[in-house]
Amino acid sequence: MTNNDKLPEGKDVTQETQQTDNSVCALVRVANELGLHARPAARLAQEAQKFESVIVLATDSQQVDAKSILDILTLAAPRGCGLTIKASGEDARAAVERLTGLFRERFGEDK
Amino acid sequence: MARTVLSGIPVSSGIAIGKAYFMNRRLAGALPRQSIAAELVDSEKDRLAQAMAAAAQELADVRAKVPAELRENALIIDSHITILRDPKLLAAAQRFIHEMHINAEWALIKAVKDLETAFAAIGDAYIRERIQDVRLVADRVQAKLLGIGPGMKAIEGRIILLAFDLAPADTVGLQVDKIMALSTRQGGKTSHTGILARSLQIPAIVGVDGLEENVEDGEFLIVDALGGKVLVDPTEEELDHYASLKYQFESYQKSIIKNCHLPGETIDGYRVQVHANIELFEEVSQVLDHGGEGIGLYRTEYSYMNRPELPTEDDLVEEYMDLASIMVPRKVVFRTLDLGADKFLHPEGALDERNPAMGLRSIRFCLQRPDMFRTQMRAILRAAVVGNVSMMYPMISGLRELRQANRLLWQCKRELAAEGVAFNGDIPVGIMIELPSAVMTAELLAQEVDFFSIGTNDLIQYSLGIDRTNRLVSYLYQPLHPAVVRSIKHVVDSAHQAGIEVSLCGEVASDPFCVPILLGMQIDSLSMNPQAIPGIKRIIRQTTMAECKNLLREVLGCRTVSRINRLVRDSIFQRFPEELTFFSSLIESDEAPTPYV
C-alpha cells in the first residue's frame with residue numbers, strides 16, 4: 001500500500017501513532033501548489049532542527065533527514081504527494097505534532 | 001589600442017575612468033587543493049565548521065538590515081542561511097576530510113559536486129535550479145576559509161566595482177560613495193545591477209564576456225557605458241579621448257537635468273505628455289528626478305518571476321497601492337501580465353514551444369489562466385482607489401480577445417461589489433497595439449477602449465518579421481521602415497477619430513531621430529526609460545509642430561527605408577547636433593553585414 005492510499009480522501013494529515021519503539025509516526029500530504037519547494041523546505045528543516053529526536057521524512061521510495069534542507073529538496077515532493085514523518089527520541093511526539101502542523105497550515109502559503 | 005576591449009550591455013549611461021576592484025570573484029579553480037597530515041584532520045574539520053558558521057552569521061547580519069520592502073530578498077537570504085546550517089552539507093564535507101585527508105576547501109568542492117549530481121536527477125526544474133543557491137553559499141564559505149571577507153572593508157579611494165554577479169545580499173553592504181561604476185559578467189537589461197546603478201546615477205555595463213579572465217584587481221579601466229565597452233589598460237590617447245567625452249557628457253547631463261521638470265511642449269505650444277516605463281517600485285525616484293509626468297508603462301511581471309509561487313491578491317494590492325499613491329496625482333498605467341509561458345518559472349515552464357514569440361504568451365496566456373488573470377485585475381481595481389490608475393492589455397490581436405478580457409474584468413468588478421471590498425470600477429482601460437492585426441483593426445478597437453499604447457518593439461518585429469537579437473538579420477530591424485511609419489500613423493489617426501488618446505511606449509519613444517516624426521503625427525504621449533526623459537523633453541521643447549509636420553510629410557513621401565533614414569539623419573543632425581553626440585539611435589546602419597558564409 002502506498003502512502004497516498006493510506007491517507008483518507010480529503011484529509012491531509014493523520015493522527016500520529018505511537019510505534020513499538022520510542023518513535024512516533026504520522027502521514028501527511030503536500031498541499032502547497034508547488035510541492036515542497038525551497039521555502040517550505042527551509043521552514044521544515046528549521047523547525048526540525050529544534051528537536052533532539054532523529055526525524056525522517058519518507059516517500060514510498062526514499063527516506064531523508066528532515067533536518068536537512070538539501071535532503072528535503074532532493075526529495076522533490078510534488079503537490080498531493082503523501083509523506084511519512086517519523087521521529088524517534090525523547091521529544092518525538094512534540095516534533096511530529098509541530099511538523100504535521102506545518103503541513104496542515106500549508107507552510108503559511110495560500111496555495 | 002587598449003590591451004583588451006570587452007563589450008557588454010550598458011544599463012546605466014556615463015563614463016568612468018579608474019581602478020578595478022573585484023568583489024566575490026568566482027573562486028572555484030583557484031582554490032588550494034591539498035592533502036593534509038592525519039593529525040590535522042580534526043582541526044581541519046573544525047576550521048570548516050567555523051567557516052560555515054561564520055558565513056551563516058554574516059548572512060544573518062545582512063538579513064537583519066534588509067528593509068521591509070525587500071521581503072523577497074530576505075526570504076532568499078533565509079534559505080541560504082538554512083543551507084549553510086544544513087547538517088548534511090557540513091557532515092559530507094567533513095567526511096571527505098576524514099576519509100581522504102584533504103583540506104577543507106577541497107572537501108567542500110567535493111561535497112557540492114555530489115549535491116550537483118543529486119540535484120541534476122530531480123525532475124522539477126525549479127527545485128533543480130536551487131543548486132545555484134548551494135553554489136552561492138559554498139562561495140561564501142570558501143571566501144571565509146581563505147580569510148577573505150566578501151565586504152569592501154579596505155577600499156582606498158574610489159573604484160570601479162567588478163563582480164561575476166551582484167546578488168541583492170551583496171549590494172546591501174556596499175560603500176556606495178566609493179563606487180564610480182559597476183560592471184558584471186552576468187545580467188541583462190533588467191538586472192538588479194542596472195537598477196542599482198541607475199539609482200546611484202553611476203555608469204554600468206552588464207553581461208561582459210571575459211571580464212574575470214581579462215581584468216586584474218587594481219588594473220586601470222575605462223567603462224564606456226555610452227558605447228557598452230570596457231577598455232582594459234587603455235592608451236594615453238584613449239584616456240584623453242574618454243576624459244573629454246566624460247566631461248562633455250556630464251556637462252550635457254547637468255544642463256538637461258536642470259530643465260527636465262518643465263512640461264514637454266513645443267515652441268508653438270503643442271503639449272505632449274512624457275512618461276516613464278518602469279518595472280520596479282524602486283525606480284520611482286528615477287522617474288520623479290528626471291521629470292517624468294507619470295508612468296506610461298508599469299511592467300507587472302517582476303513580482304511573478306522572482307518567486308517560486310504566484311503572488312496573492314493582497315501582495316499585489318500592496319505593491320500596486322504603494323506605486324499608485326506615491327505617484328498621485330500623476331498617472332500610472334498598469335500593463336497586465338505580459339509573460340510567455342516559457343518565462344514562467346513554474347510549473348508552466350515545462351511547455352515546449354517551437355516558436356515562443358508566436359506562442360502562448362501575454363494576453364493569450366492570461367485568458368487561458370483566468371484564475372491568475374482575475375487575481376491581478378482585482379488587485380488593480382482595488383489599488384485604483386488611492387491613485388490615478390489605468391490598465392492596459394498587451395498583445396491584443398482583435399476585438400475577440402479584448403471582449404474576453406473585458407468580460408473577465410466585468411466579472412471581477414461584480415464580485416468585488418458583492419464582497420463589499422473597496423475598489424474603483426471607473427478606471428480607463430486600454431490596449432497595447434503590437435500586432436499588425438491590431439493595426440489593421442485599430443478603428444474597430446478604438447470604439448471599445450479608452451486609450452491605445454503603441455508597443456513598437458514588438459510591432460516592428462512582427463511587422464517586418466525580424467528577430468532583432470538574430471545577428472544575421474538584425475540590420476533589417478528598421479523602426480522607420482515605411483510600413484512601420486504608416487502603421488503608427490494609422491493607429492494614431494484611428495485613435496483620434498474615435499476621440500481617444502494614444503501613447504507610444506517602445507524604444508522608438510526615446511530615439512531622438514524618431515521623436516520629431518511621432519510629434520508630427522500628434523501623438524499624445526511618449527513613454528520611455530526614466531533616464532531618457534530629460535534629453536527627449538529638451539528636443540520637444542526646441543522644436544515646433546510645424547517643422548515636425550513638414551518632416552513627417554517628407555518621410556511619408558519616401559519609398560524606401562534608406563531614403564527615410566538619410567532624410568531623418570540629415571535633418572536631425574542639423575537641428576540638434578549637440579544632443580546626438582551621446583545618443584545611440586536605433587536607426588543606424590541598414591547595410592547587411594559581411595555576407596554570411
# chains A, B, ... in the order shown; residues from 1 in each chain; ligands from 1
>>> interface_residues(of="chain A", to="chain B", cutoff="8 Å", atoms="only C-alpha atoms", output="list in words")
Glu33, Leu34, His37, Ala38, Arg39, Ala42, Ala45, Gln46, Lys67, Ser68, Ile69, Leu70, Asp71, Leu73, Thr74, Ala76 and Asp110 of chain A
>>> residues_around(residues="B:Ile564", least_positions_apart="3", cutoff="12 Å", atoms="only C-alpha atoms", output="PDB file with all heavy atoms, in the first residue's frame")
ATOM      1  N   GLN B 478      14.191  47.907 -38.781  1.00  0.00           N
ATOM      2  CA  GLN B 478      14.216  49.321 -39.141  1.00  0.00           C
ATOM      3  C   GLN B 478      12.980  50.041 -38.632  1.00  0.00           C
ATOM      4  O   GLN B 478      11.913  49.947 -39.221  1.00  0.00           O
ATOM      5  CB  GLN B 478      14.318  49.456 -40.673  1.00  0.00           C
ATOM      6  CG  GLN B 478      15.675  49.063 -41.223  1.00  0.00           C
ATOM      7  CD  GLN B 478      16.778  50.009 -40.743  1.00  0.00           C
ATOM      8  OE1 GLN B 478      16.511  51.136 -40.325  1.00  0.00           O
ATOM      9  NE2 GLN B 478      18.021  49.540 -40.788  1.00  0.00           N
ATOM     10  N   PRO B 479      13.135  50.792 -37.541  1.00  0.00           N
ATOM     11  CA  PRO B 479      11.977  51.478 -36.952  1.00  0.00           C
ATOM     12  C   PRO B 479      11.297  52.446 -37.909  1.00  0.00           C
ATOM     13  O   PRO B 479      10.126  52.737 -37.743  1.00  0.00           O
ATOM     14  CB  PRO B 479      12.575  52.252 -35.778  1.00  0.00           C
ATOM     15  CG  PRO B 479      13.844  51.562 -35.468  1.00  0.00           C
ATOM     16  CD  PRO B 479      14.358  50.979 -36.742  1.00  0.00           C
ATOM     17  N   LEU B 480      12.069  52.954 -38.891  1.00  0.00           N
ATOM     18  CA  LEU B 480      11.443  53.923 -39.801  1.00  0.00           C
ATOM     19  C   LEU B 480      11.137  53.300 -41.162  1.00  0.00           C
ATOM     20  O   LEU B 480      11.006  54.007 -42.163  1.00  0.00           O
ATOM     21  CB  LEU B 480      12.327  55.166 -39.948  1.00  0.00           C
ATOM     22  CG  LEU B 480      12.464  55.979 -38.656  1.00  0.00           C
ATOM     23  CD1 LEU B 480      13.325  57.210 -38.880  1.00  0.00           C
ATOM     24  CD2 LEU B 480      11.101  56.398 -38.111  1.00  0.00           C
ATOM     25  N   HIS B 481      11.017  52.010 -41.201  1.00  0.00           N
ATOM     26  CA  HIS B 481      10.554  51.333 -42.421  1.00  0.00           C
ATOM     27  C   HIS B 481       9.206  51.940 -42.801  1.00  0.00           C
ATOM     28  O   HIS B 481       8.374  52.198 -41.923  1.00  0.00           O
ATOM     29  CB  HIS B 481      10.392  49.839 -42.128  1.00  0.00           C
ATOM     30  CG  HIS B 481      10.128  49.006 -43.350  1.00  0.00           C
ATOM     31  ND1 HIS B 481       8.940  49.062 -44.034  1.00  0.00           N
ATOM     32  CD2 HIS B 481      10.903  48.118 -44.011  1.00  0.00           C
ATOM     33  CE1 HIS B 481       8.994  48.236 -45.070  1.00  0.00           C
ATOM     34  NE2 HIS B 481      10.180  47.651 -45.073  1.00  0.00           N
ATOM     35  N   PRO B 482       8.966  52.190 -44.095  1.00  0.00           N
ATOM     36  CA  PRO B 482       7.687  52.814 -44.486  1.00  0.00           C
ATOM     37  C   PRO B 482       6.474  52.079 -43.888  1.00  0.00           C
ATOM     38  O   PRO B 482       5.495  52.728 -43.489  1.00  0.00           O
ATOM     39  CB  PRO B 482       7.687  52.705 -46.011  1.00  0.00           C
ATOM     40  CG  PRO B 482       9.128  52.646 -46.392  1.00  0.00           C
ATOM     41  CD  PRO B 482       9.848  51.982 -45.255  1.00  0.00           C
ATOM     42  N   ALA B 483       6.548  50.759 -43.784  1.00  0.00           N
ATOM     43  CA  ALA B 483       5.408  50.011 -43.225  1.00  0.00           C
ATOM     44  C   ALA B 483       5.183  50.369 -41.756  1.00  0.00           C
ATOM     45  O   ALA B 483       4.041  50.475 -41.305  1.00  0.00           O
ATOM     46  CB  ALA B 483       5.660  48.506 -43.356  1.00  0.00           C
ATOM     47  N   VAL B 484       6.274  50.570 -41.036  1.00  0.00           N
ATOM     48  CA  VAL B 484       6.150  50.891 -39.607  1.00  0.00           C
ATOM     49  C   VAL B 484       5.606  52.306 -39.430  1.00  0.00           C
ATOM     50  O   VAL B 484       4.680  52.551 -38.655  1.00  0.00           O
ATOM     51  CB  VAL B 484       7.513  50.739 -38.892  1.00  0.00           C
ATOM     52  CG1 VAL B 484       7.394  51.134 -37.423  1.00  0.00           C
ATOM     53  CG2 VAL B 484       8.032  49.309 -39.024  1.00  0.00           C
ATOM     54  N   VAL B 485       6.172  53.243 -40.192  1.00  0.00           N
ATOM     55  CA  VAL B 485       5.719  54.636 -40.086  1.00  0.00           C
ATOM     56  C   VAL B 485       4.226  54.716 -40.413  1.00  0.00           C
ATOM     57  O   VAL B 485       3.443  55.353 -39.696  1.00  0.00           O
ATOM     58  CB  VAL B 485       6.529  55.553 -41.031  1.00  0.00           C
ATOM     59  CG1 VAL B 485       5.993  56.976 -40.982  1.00  0.00           C
ATOM     60  CG2 VAL B 485       7.998  55.524 -40.651  1.00  0.00           C
ATOM     61  N   PHE B 513      15.944  60.540 -33.215  1.00  0.00           N
ATOM     62  CA  PHE B 513      15.673  60.592 -34.655  1.00  0.00           C
ATOM     63  C   PHE B 513      14.189  60.356 -34.945  1.00  0.00           C
ATOM     64  O   PHE B 513      13.670  60.794 -35.950  1.00  0.00           O
ATOM     65  CB  PHE B 513      16.480  59.522 -35.398  1.00  0.00           C
ATOM     66  CG  PHE B 513      17.938  59.843 -35.486  1.00  0.00           C
ATOM     67  CD1 PHE B 513      18.833  59.295 -34.591  1.00  0.00           C
ATOM     68  CD2 PHE B 513      18.415  60.702 -36.475  1.00  0.00           C
ATOM     69  CE1 PHE B 513      20.184  59.597 -34.675  1.00  0.00           C
ATOM     70  CE2 PHE B 513      19.768  60.996 -36.562  1.00  0.00           C
ATOM     71  CZ  PHE B 513      20.650  60.450 -35.654  1.00  0.00           C
ATOM     72  N   CYS B 514      13.532  59.603 -34.091  1.00  0.00           N
ATOM     73  CA  CYS B 514      12.139  59.234 -34.355  1.00  0.00           C
ATOM     74  C   CYS B 514      11.140  60.195 -33.729  1.00  0.00           C
ATOM     75  O   CYS B 514      10.026  60.358 -34.243  1.00  0.00           O
ATOM     76  CB  CYS B 514      11.864  57.825 -33.833  1.00  0.00           C
ATOM     77  SG  CYS B 514      12.973  56.586 -34.522  1.00  0.00           S
ATOM     78  N   ILE B 517       9.167  62.829 -35.774  1.00  0.00           N
ATOM     79  CA  ILE B 517       8.162  62.241 -36.667  1.00  0.00           C
ATOM     80  C   ILE B 517       6.904  61.895 -35.883  1.00  0.00           C
ATOM     81  O   ILE B 517       5.781  62.145 -36.328  1.00  0.00           O
ATOM     82  CB  ILE B 517       8.735  60.975 -37.346  1.00  0.00           C
ATOM     83  CG1 ILE B 517       9.970  61.359 -38.162  1.00  0.00           C
ATOM     84  CG2 ILE B 517       7.691  60.295 -38.220  1.00  0.00           C
ATOM     85  CD1 ILE B 517      10.708  60.178 -38.743  1.00  0.00           C
ATOM     86  N   LEU B 551       8.423  67.448 -41.660  1.00  0.00           N
ATOM     87  CA  LEU B 551       9.305  66.290 -41.721  1.00  0.00           C
ATOM     88  C   LEU B 551       8.482  65.024 -41.964  1.00  0.00           C
ATOM     89  O   LEU B 551       8.827  64.189 -42.796  1.00  0.00           O
ATOM     90  CB  LEU B 551      10.096  66.172 -40.410  1.00  0.00           C
ATOM     91  CG  LEU B 551      11.043  64.980 -40.319  1.00  0.00           C
ATOM     92  CD1 LEU B 551      12.156  65.086 -41.352  1.00  0.00           C
ATOM     93  CD2 LEU B 551      11.642  64.873 -38.918  1.00  0.00           C
ATOM     94  N   LEU B 552       7.358  64.909 -41.256  1.00  0.00           N
ATOM     95  CA  LEU B 552       6.508  63.731 -41.419  1.00  0.00           C
ATOM     96  C   LEU B 552       6.018  63.631 -42.861  1.00  0.00           C
ATOM     97  O   LEU B 552       6.020  62.553 -43.463  1.00  0.00           O
ATOM     98  CB  LEU B 552       5.309  63.798 -40.458  1.00  0.00           C
ATOM     99  CG  LEU B 552       4.264  62.699 -40.660  1.00  0.00           C
ATOM    100  CD1 LEU B 552       4.840  61.329 -40.329  1.00  0.00           C
ATOM    101  CD2 LEU B 552       3.019  62.946 -39.796  1.00  0.00           C
ATOM    102  N   ARG B 553       5.622  64.773 -43.429  1.00  0.00           N
ATOM    103  CA  ARG B 553       5.112  64.752 -44.799  1.00  0.00           C
ATOM    104  C   ARG B 553       6.209  64.232 -45.745  1.00  0.00           C
ATOM    105  O   ARG B 553       5.952  63.385 -46.598  1.00  0.00           O
ATOM    106  CB  ARG B 553       4.647  66.156 -45.209  1.00  0.00           C
ATOM    107  CG  ARG B 553       3.747  66.156 -46.435  1.00  0.00           C
ATOM    108  CD  ARG B 553       3.140  67.532 -46.695  1.00  0.00           C
ATOM    109  NE  ARG B 553       2.534  68.113 -45.497  1.00  0.00           N
ATOM    110  CZ  ARG B 553       2.917  69.272 -44.933  1.00  0.00           C
ATOM    111  NH1 ARG B 553       3.908  69.969 -45.461  1.00  0.00           N
ATOM    112  NH2 ARG B 553       2.320  69.726 -43.854  1.00  0.00           N
ATOM    113  N   GLU B 554       7.422  64.734 -45.538  1.00  0.00           N
ATOM    114  CA  GLU B 554       8.525  64.280 -46.397  1.00  0.00           C
ATOM    115  C   GLU B 554       8.792  62.792 -46.211  1.00  0.00           C
ATOM    116  O   GLU B 554       9.028  62.070 -47.174  1.00  0.00           O
ATOM    117  CB  GLU B 554       9.796  65.063 -46.065  1.00  0.00           C
ATOM    118  CG  GLU B 554       9.816  66.466 -46.620  1.00  0.00           C
ATOM    119  CD  GLU B 554      11.166  67.118 -46.361  1.00  0.00           C
ATOM    120  OE1 GLU B 554      12.165  66.646 -46.944  1.00  0.00           O
ATOM    121  OE2 GLU B 554      11.214  68.071 -45.552  1.00  0.00           O
ATOM    122  N   VAL B 555       8.744  62.344 -44.961  1.00  0.00           N
ATOM    123  CA  VAL B 555       9.002  60.926 -44.669  1.00  0.00           C
ATOM    124  C   VAL B 555       7.955  60.055 -45.365  1.00  0.00           C
ATOM    125  O   VAL B 555       8.279  59.041 -45.976  1.00  0.00           O
ATOM    126  CB  VAL B 555       8.996  60.673 -43.139  1.00  0.00           C
ATOM    127  CG1 VAL B 555       8.880  59.189 -42.837  1.00  0.00           C
ATOM    128  CG2 VAL B 555      10.264  61.242 -42.518  1.00  0.00           C
ATOM    129  N   LEU B 556       6.709  60.488 -45.283  1.00  0.00           N
ATOM    130  CA  LEU B 556       5.643  59.688 -45.904  1.00  0.00           C
ATOM    131  C   LEU B 556       5.777  59.654 -47.430  1.00  0.00           C
ATOM    132  O   LEU B 556       5.277  58.739 -48.081  1.00  0.00           O
ATOM    133  CB  LEU B 556       4.265  60.219 -45.506  1.00  0.00           C
ATOM    134  CG  LEU B 556       3.867  59.955 -44.042  1.00  0.00           C
ATOM    135  CD1 LEU B 556       2.601  60.702 -43.686  1.00  0.00           C
ATOM    136  CD2 LEU B 556       3.692  58.459 -43.777  1.00  0.00           C
ATOM    137  N   GLY B 557       6.488  60.628 -47.948  1.00  0.00           N
ATOM    138  CA  GLY B 557       6.700  60.660 -49.400  1.00  0.00           C
ATOM    139  C   GLY B 557       7.825  59.741 -49.865  1.00  0.00           C
ATOM    140  O   GLY B 557       7.966  59.491 -51.059  1.00  0.00           O
ATOM    141  N   CYS B 558       8.629  59.255 -48.947  1.00  0.00           N
ATOM    142  CA  CYS B 558       9.762  58.390 -49.329  1.00  0.00           C
ATOM    143  C   CYS B 558       9.288  56.965 -49.577  1.00  0.00           C
ATOM    144  O   CYS B 558       8.408  56.468 -48.893  1.00  0.00           O
ATOM    145  CB  CYS B 558      10.808  58.353 -48.223  1.00  0.00           C
ATOM    146  SG  CYS B 558      11.610  59.914 -47.925  1.00  0.00           S
ATOM    147  N   ARG B 559       9.952  56.311 -50.537  1.00  0.00           N
ATOM    148  CA  ARG B 559       9.532  54.967 -50.879  1.00  0.00           C
ATOM    149  C   ARG B 559      10.364  53.881 -50.188  1.00  0.00           C
ATOM    150  O   ARG B 559       9.937  52.736 -50.120  1.00  0.00           O
ATOM    151  CB  ARG B 559       9.641  54.765 -52.394  1.00  0.00           C
ATOM    152  CG  ARG B 559       8.618  55.561 -53.141  1.00  0.00           C
ATOM    153  CD  ARG B 559       8.974  55.689 -54.609  1.00  0.00           C
ATOM    154  NE  ARG B 559       7.868  56.313 -55.303  1.00  0.00           N
ATOM    155  CZ  ARG B 559       6.916  55.630 -55.934  1.00  0.00           C
ATOM    156  NH1 ARG B 559       6.978  54.329 -56.006  1.00  0.00           N
ATOM    157  NH2 ARG B 559       5.917  56.262 -56.510  1.00  0.00           N
ATOM    158  N   THR B 560      11.557  54.221 -49.743  1.00  0.00           N
ATOM    159  CA  THR B 560      12.394  53.177 -49.129  1.00  0.00           C
ATOM    160  C   THR B 560      12.894  53.628 -47.760  1.00  0.00           C
ATOM    161  O   THR B 560      12.971  54.830 -47.478  1.00  0.00           O
ATOM    162  CB  THR B 560      13.643  52.867 -49.979  1.00  0.00           C
ATOM    163  OG1 THR B 560      14.476  54.035 -49.964  1.00  0.00           O
ATOM    164  CG2 THR B 560      13.278  52.492 -51.392  1.00  0.00           C
ATOM    165  N   VAL B 561      13.244  52.646 -46.969  1.00  0.00           N
ATOM    166  CA  VAL B 561      13.737  52.952 -45.631  1.00  0.00           C
ATOM    167  C   VAL B 561      15.081  53.675 -45.695  1.00  0.00           C
ATOM    168  O   VAL B 561      15.350  54.552 -44.879  1.00  0.00           O
ATOM    169  CB  VAL B 561      13.805  51.675 -44.750  1.00  0.00           C
ATOM    170  CG1 VAL B 561      14.817  50.689 -45.279  1.00  0.00           C
ATOM    171  CG2 VAL B 561      14.142  52.013 -43.305  1.00  0.00           C
ATOM    172  N   LEU B 567      17.180  61.034 -44.891  1.00  0.00           N
ATOM    173  CA  LEU B 567      16.451  62.286 -44.700  1.00  0.00           C
ATOM    174  C   LEU B 567      16.396  62.677 -43.216  1.00  0.00           C
ATOM    175  O   LEU B 567      16.716  63.802 -42.831  1.00  0.00           O
ATOM    176  CB  LEU B 567      15.023  62.109 -45.250  1.00  0.00           C
ATOM    177  CG  LEU B 567      14.025  63.220 -44.960  1.00  0.00           C
ATOM    178  CD1 LEU B 567      14.348  64.431 -45.832  1.00  0.00           C
ATOM    179  CD2 LEU B 567      12.604  62.748 -45.240  1.00  0.00           C
ATOM    180  N   VAL B 568      16.033  61.708 -42.394  1.00  0.00           N
ATOM    181  CA  VAL B 568      15.873  61.989 -40.973  1.00  0.00           C
ATOM    182  C   VAL B 568      17.215  62.321 -40.333  1.00  0.00           C
ATOM    183  O   VAL B 568      17.352  63.279 -39.583  1.00  0.00           O
ATOM    184  CB  VAL B 568      15.210  60.785 -40.271  1.00  0.00           C
ATOM    185  CG1 VAL B 568      15.261  60.939 -38.772  1.00  0.00           C
ATOM    186  CG2 VAL B 568      13.771  60.650 -40.728  1.00  0.00           C
ATOM    187  N   ARG B 569      18.225  61.519 -40.679  1.00  0.00           N
ATOM    188  CA  ARG B 569      19.553  61.775 -40.106  1.00  0.00           C
ATOM    189  C   ARG B 569      20.019  63.182 -40.435  1.00  0.00           C
ATOM    190  O   ARG B 569      20.454  63.924 -39.560  1.00  0.00           O
ATOM    191  CB  ARG B 569      20.557  60.749 -40.633  1.00  0.00           C
ATOM    192  CG  ARG B 569      20.958  59.749 -39.566  1.00  0.00           C
ATOM    193  CD  ARG B 569      22.203  58.997 -39.952  1.00  0.00           C
ATOM    194  NE  ARG B 569      22.130  58.449 -41.303  1.00  0.00           N
ATOM    195  CZ  ARG B 569      21.904  57.167 -41.579  1.00  0.00           C
ATOM    196  NH1 ARG B 569      21.732  56.307 -40.592  1.00  0.00           N
ATOM    197  NH2 ARG B 569      21.869  56.739 -42.815  1.00  0.00           N
ATOM    198  N   ASP B 570      19.915  63.555 -41.701  1.00  0.00           N
ATOM    199  CA  ASP B 570      20.386  64.878 -42.104  1.00  0.00           C
ATOM    200  C   ASP B 570      19.652  65.977 -41.358  1.00  0.00           C
ATOM    201  O   ASP B 570      20.266  66.889 -40.819  1.00  0.00           O
ATOM    202  CB  ASP B 570      20.203  65.076 -43.618  1.00  0.00           C
ATOM    203  CG  ASP B 570      21.168  64.194 -44.398  1.00  0.00           C
ATOM    204  OD1 ASP B 570      22.080  63.611 -43.749  1.00  0.00           O
ATOM    205  OD2 ASP B 570      21.011  64.067 -45.628  1.00  0.00           O
ATOM    206  N   SER B 571      18.321  65.873 -41.334  1.00  0.00           N
ATOM    207  CA  SER B 571      17.593  66.995 -40.746  1.00  0.00           C
ATOM    208  C   SER B 571      17.776  67.048 -39.233  1.00  0.00           C
ATOM    209  O   SER B 571      17.896  68.124 -38.668  1.00  0.00           O
ATOM    210  CB  SER B 571      16.113  66.960 -41.132  1.00  0.00           C
ATOM    211  OG  SER B 571      15.527  65.818 -40.584  1.00  0.00           O
ATOM    212  N   ILE B 572      17.851  65.912 -38.584  1.00  0.00           N
ATOM    213  CA  ILE B 572      18.007  65.945 -37.123  1.00  0.00           C
ATOM    214  C   ILE B 572      19.432  66.374 -36.730  1.00  0.00           C
ATOM    215  O   ILE B 572      19.619  67.131 -35.788  1.00  0.00           O
ATOM    216  CB  ILE B 572      17.676  64.579 -36.479  1.00  0.00           C
ATOM    217  CG1 ILE B 572      16.309  64.080 -36.922  1.00  0.00           C
ATOM    218  CG2 ILE B 572      17.745  64.660 -34.958  1.00  0.00           C
ATOM    219  CD1 ILE B 572      15.134  64.801 -36.363  1.00  0.00           C
ATOM    220  N   ILE B 587      18.245  53.847 -35.509  1.00  0.00           N
ATOM    221  CA  ILE B 587      18.221  53.842 -36.975  1.00  0.00           C
ATOM    222  C   ILE B 587      19.621  54.011 -37.559  1.00  0.00           C
ATOM    223  O   ILE B 587      19.867  54.861 -38.403  1.00  0.00           O
ATOM    224  CB  ILE B 587      17.281  54.916 -37.552  1.00  0.00           C
ATOM    225  CG1 ILE B 587      17.798  56.330 -37.263  1.00  0.00           C
ATOM    226  CG2 ILE B 587      15.884  54.772 -37.022  1.00  0.00           C
ATOM    227  CD1 ILE B 587      17.256  57.330 -38.262  1.00  0.00           C
ATOM    228  N   GLU B 588      20.533  53.206 -37.118  1.00  0.00           N
ATOM    229  CA  GLU B 588      21.881  53.376 -37.643  1.00  0.00           C
ATOM    230  C   GLU B 588      22.034  52.749 -39.025  1.00  0.00           C
ATOM    231  O   GLU B 588      21.453  53.204 -39.984  1.00  0.00           O
ATOM    232  CB  GLU B 588      22.914  52.859 -36.658  1.00  0.00           C
ATOM    233  CG  GLU B 588      23.360  54.004 -35.758  1.00  0.00           C
ATOM    234  CD  GLU B 588      23.812  53.556 -34.398  1.00  0.00           C
ATOM    235  OE1 GLU B 588      23.959  52.339 -34.192  1.00  0.00           O
ATOM    236  OE2 GLU B 588      24.011  54.404 -33.531  1.00  0.00           O
ATOM    237  N   ASP B 590      21.630  50.400 -42.200  1.00  0.00           N
ATOM    238  CA  ASP B 590      20.693  49.445 -42.774  1.00  0.00           C
ATOM    239  C   ASP B 590      21.425  48.609 -43.821  1.00  0.00           C
ATOM    240  O   ASP B 590      20.838  48.056 -44.727  1.00  0.00           O
ATOM    241  CB  ASP B 590      19.471  50.134 -43.370  1.00  0.00           C
ATOM    242  CG  ASP B 590      19.850  51.255 -44.323  1.00  0.00           C
ATOM    243  OD1 ASP B 590      21.057  51.467 -44.545  1.00  0.00           O
ATOM    244  OD2 ASP B 590      18.939  51.913 -44.830  1.00  0.00           O
TER     245      ASP B 590
END
>>> atom_distance(atom1="atom CA of A:Gly35", atom2="atom CA of A:Ala77")
5.7 Å
>>> select_by_dssp(residues="chain A", states="strand (DSSP E or B)", output="ChimeraX atom specification")
/A:13,17-18,23-29,54-58,63-65,82-88
>>> select_by_dssp(residues="stretch 297-422 of chain B", states="alpha helix (DSSP H)", output="JSON, numbers by chain")
{"B": [302, 303, 304, 305, 313, 314, 315, 316, 317, 318, 319, 320, 321, 322, 323, 324, 325, 326, 327, 362, 363, 364, 365, 366, 367, 368, 370, 371, 372, 373, 374, 375, 376, 377, 378, 379, 380, 381, 382, 383, 399, 400, 401, 402, 403, 404, 405, 406, 407, 408, 409, 410, 411, 412, 413, 414, 415, 416, 417, 418, 419]}
>>> atom_distance(atom1="atom CA of B:Asp371", atom2="atom CA of B:Arg335")
17.3 Å
>>> closest_residue(among="B:Met305, B:Cys548, B:Leu297, B:Leu408", to="B:Gly455", atoms="only C-alpha atoms")
B:Leu297
>>> residues_around(residues="B:Asp46", least_positions_apart="4", cutoff="12 Å", atoms="only C-alpha atoms", output="ChimeraX atom specification")
/B:40-42,50-54,90-91,93-94,97-98,103-104,145
>>> atom_distance(atom1="atom CA of B:Ala446", atom2="atom CA of B:Ile500")
7.2 Å
>>> closest_residue(among="B:Ala383, B:Ile539, B:Leu472, B:Ile15", to="B:Leu245", atoms="only C-alpha atoms")
B:Ile15
